[in-house]
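**Q** To start, I am sharing the structure in question, which I have written as structure tokens.
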Amino acid sequence: MDQKLWEQMKNQPLLKRISAQEEVVWINEDLENAKTALQKLDITMEDMEDAQARLARFAPFIQKCFPETQPQNGLIESPLTEIENMKKQLEKEYNISIAGRIFLKQDSHLAISGSVKARGGIYEVLKHAEDLALEHGKVKKTDDYSIFASDEMKKFFSQFKIQVGSTGNLGMSIGIMSAALGFHVIVHMSADAKQWKKDLLRQRGAVVIEYDDDYSKAVEQGRKESDADPNSYFVDDENSITLFLGYAVAAKRLQTQFEQKSIVVDENHPLFVYIPCGVGGAPGGITFGLKQLFGDNVHVFFVETTPAPCMLLGMASGMQNKVCVQDFGLSGQTHADGLAVGRPSGFVGGVMTHLLSGEMTLQDKRIYDFMRDIVNSENIFLEPSACACFMGIVDCFKTEEMKQYIKNHHLENKMQQAIHIPWATGGSLVPENIRQEYMKTYL
Ligand SMILES: *Cc1c(COP(=O)(O)O)cnc(C)c1O
């Protein structure tokens with residue numbers, strides 16, 4: 001892009017406010033009706049169903065290897081919990097009146113790795129394991145996949161390497177599952193990654209390489225090392241369709257939970273979903289799945305912190321992964337370690353162009369306030385990154401932008417029947433001493 005156009009773009013009022021680290025709400029003017037938008041994509045409902053079927057094939061293995069998944073027969077799924085006390089707390093604290101019910105999607109409590117990454121990350125490792133096993137004639141798709149837990153399979157997988165770059169949670173999902181299958185696994189971790197995550201991974205048998213640099217550098221280096229080794233497979237958080245589809249399955253599972261709880265989503269009962277966003281894979285995959293299943297009745301917003309709003313900058317400027325937060329004078333350094341990403345996924349940005357309703361940003365200090373609120377009101381612990389989701393609800397009832405959005409979509413009279421889902425993306429594995437530290441953090 002030439003210098004003049006670049007300066008012009010940076011001077012757009014919203015982008016200037018983002019550069020100044022203001023909290024903003026951005027409404028996506030390119031949102032289209034879901035059917036039209038989905039028809040333009042190469043990924044389909046069948047792809048999502050294929051991913052769901054693969055997870056079902058692996059359920060006997062998962063159940064055997066990770067006994068905590070036994071109550072759900074080897075499915076890795078999280079509770080959907082109504083949080084009425086938190087609703088009251090938010091109303092009081094932010095001086096708003098919240099129409100509709102709030103259900104917390106507790107991916108914070110997903111089995112095995114305690115974050116949303118247990119969806120995409122684990123799915124991609126399983127798919128790679130299946131591909132290798134099929135290719136080498138070790139299994140048939142109709143076999144009972146509990147044989148993946150056998151010593152013979154472990155020996156087979158020990159010839160192969162899996163590598164990934166991560167700020168922490170993706171590394172934990174990939175690392176734990178790869179090690180369980182017997183792979184040699186190397187996790188390239190950025191400077192933001194927390195010590196306890198590195199320790200836990202090493203304990204499970206993963207090799208952890210630490211970088212002084214940010215997430216993009218860790219990914220770059222990991223990819224380079226993996227590409228140089230024919231027996232190594234790189235999990236590419238920025239471009240992986242497999243990862244994306246693993247996340248998308250969440251929508252199918254949510255639909256089942258709605259049925260179990262008699263929750264209705266239709267044109268008179270709108271669904272609002274607020275998901276913390278890093279590079280975009282997790283929130284993007286979930287959004288794709290939700291739009292497939294609930295179409296125009298679901299309204300999805302991503303939430304990022306003001307020092308690292310990479311997806312927002314990519315989407316609002318239309319430049320996608322051609323821009324990074326540093327181009328706008330931002331550091332990319334945020335207390336929300338799971339969201340500490342400077343450059344968004346171009347693949348996800350492209351898929352979201354006509355599906356995403358908008359984005360919100362919040363200052364770092366607020367994530368700790370929200371964390372104390374959810375602990376004190378509901379006794380649910382979430383990690384700082386995950387708490388960004390609550391900003392979506394506050395903004396929904398506090399900002400002119402959202403009032404206008406609701407009006408434009410003719411939802412004013414339907415908000416009493418709305419369902420709001422803040423998507424809690426991580427937290428259950430955070431050690432007690434770190435929780436205490438977080439609870440005492442005021443910025
Ligand atoms: C990874 C992560 C996200 C965001 O997922 P992306 O795929 O990076 O957009 C949100 N919250 C937590 C806790 C995470 O670990």
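In the structure tokens, each chain is lettered A, B, ... as it comes, each chain's residues begin at 1, and ligands are numbered from 1 in order of appearance.
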Could you give me, as a short mmCIF file (atom, residue, chain, number, x, y, z; two decimals) with C-alpha atoms, in the first residue's frame, every polymer residue with an atom at most 6 Å away from an atom of ligand 1, counting only C-alpha atoms and all ligand atoms?

**A**
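Listed below is the output, selection.cif:
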data_model
loop_
_atom_site.label_atom_id
_atom_site.label_comp_id
_atom_site.auth_asym_id
_atom_site.auth_seq_id
_atom_site.Cartn_x
_atom_site.Cartn_y
_atom_site.Cartn_z
CA SER A 115 -9.73 -23.92 27.59
CA ASN A 169 -3.41 -22.62 25.79
CA PRO A 276 -12.75 -13.32 23.25
CA CYS A 277 -10.52 -13.23 20.18
CA GLY A 278 -6.79 -13.75 19.70
CA VAL A 279 -5.64 -14.83 16.26
CA GLY A 280 -9.27 -15.61 15.40
CA GLY A 281 -9.41 -19.39 14.97
CA ALA A 282 -11.47 -20.26 18.03
CA PRO A 283 -14.04 -17.46 17.84
CA GLY A 338 -4.64 -15.78 25.45
CA LEU A 339 -5.46 -12.72 23.35
CA SER A 385 -8.47 -13.53 28.87
CA ALA A 386 -11.80 -15.30 29.20
CA THR A 425 -12.66 -19.44 26.97
CA GLY A 426 -10.39 -20.71 29.74
#

**Q** Just the residues within 7 Å of Gly342 of chain A, please, counting only C-alpha atoms, with nothing from its chain fewer than 5 positions along; format it as a PyMOL selection string.

**A** chain A and resi 308+310+324-325+332

**Q** Create the file for the chosen residues now, containing C-alpha atoms and written as a CSV table (one decimal), in the first residue's frame.

**A**
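The resulting file, result-v1.csv, is shown below:
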chain,number,residue,atom,x,y,z
A,308,ALA,CA,-4.0,-6.0,21.1
A,310,CYS,CA,-5.6,-7.3,15.9
A,324,CYS,CA,-0.6,-5.7,12.7
A,325,VAL,CA,-1.3,-3.7,15.9
A,332,GLY,CA,0.2,-6.0,21.5

**Q** Going by DSSP on the backbone, which bits of segment 231-293 of chain A are strand (DSSP E or B)? Write them as a PyMOL selection string, please.

**A** chain A and resi 232-235+266+269+271-276

**Q** Return the single residue from A:Met189, A:Val24, A:Ile421, A:Ala336 that is closest to Leu290 of chain A, with distances computed using only C-alpha atoms.

**A**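 For Leu290 of chain A, the nearest of the candidates is A:Ile421.
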
**Q** With a distance cut-off of 10 Å and only C-alpha atoms, select the neighbouring residues of Ile83 of chain A, excluding the residue or stretch itself and same-chain residues fewer than 4 positions from it, and output the selection as a ChimeraX atom specification.

**A** /A:87-88,101-104,374,377-378,380

**Q** Write out as a list in words the residues lying within 6 Å of Lys161 of chain A, counting only C-alpha atoms and excluding same-chain residues fewer than 5 positions away.

**A**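 So, after excluding close chain neighbours, the residues are Phe183, His184, Val185 and Ser232 of chain A.
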
**Q** Considering only C-alpha atoms, return as a PyMOL selection string whatever protein or nucleic-acid residues lie within 12 Å of Ala179 of chain A, sequence-local ones (same chain, fewer than 3 positions apart) excluded.

**A** chain A and resi 65+122+125-126+129+149+154-155+157-158+160-163+171-176+182-187+201-207
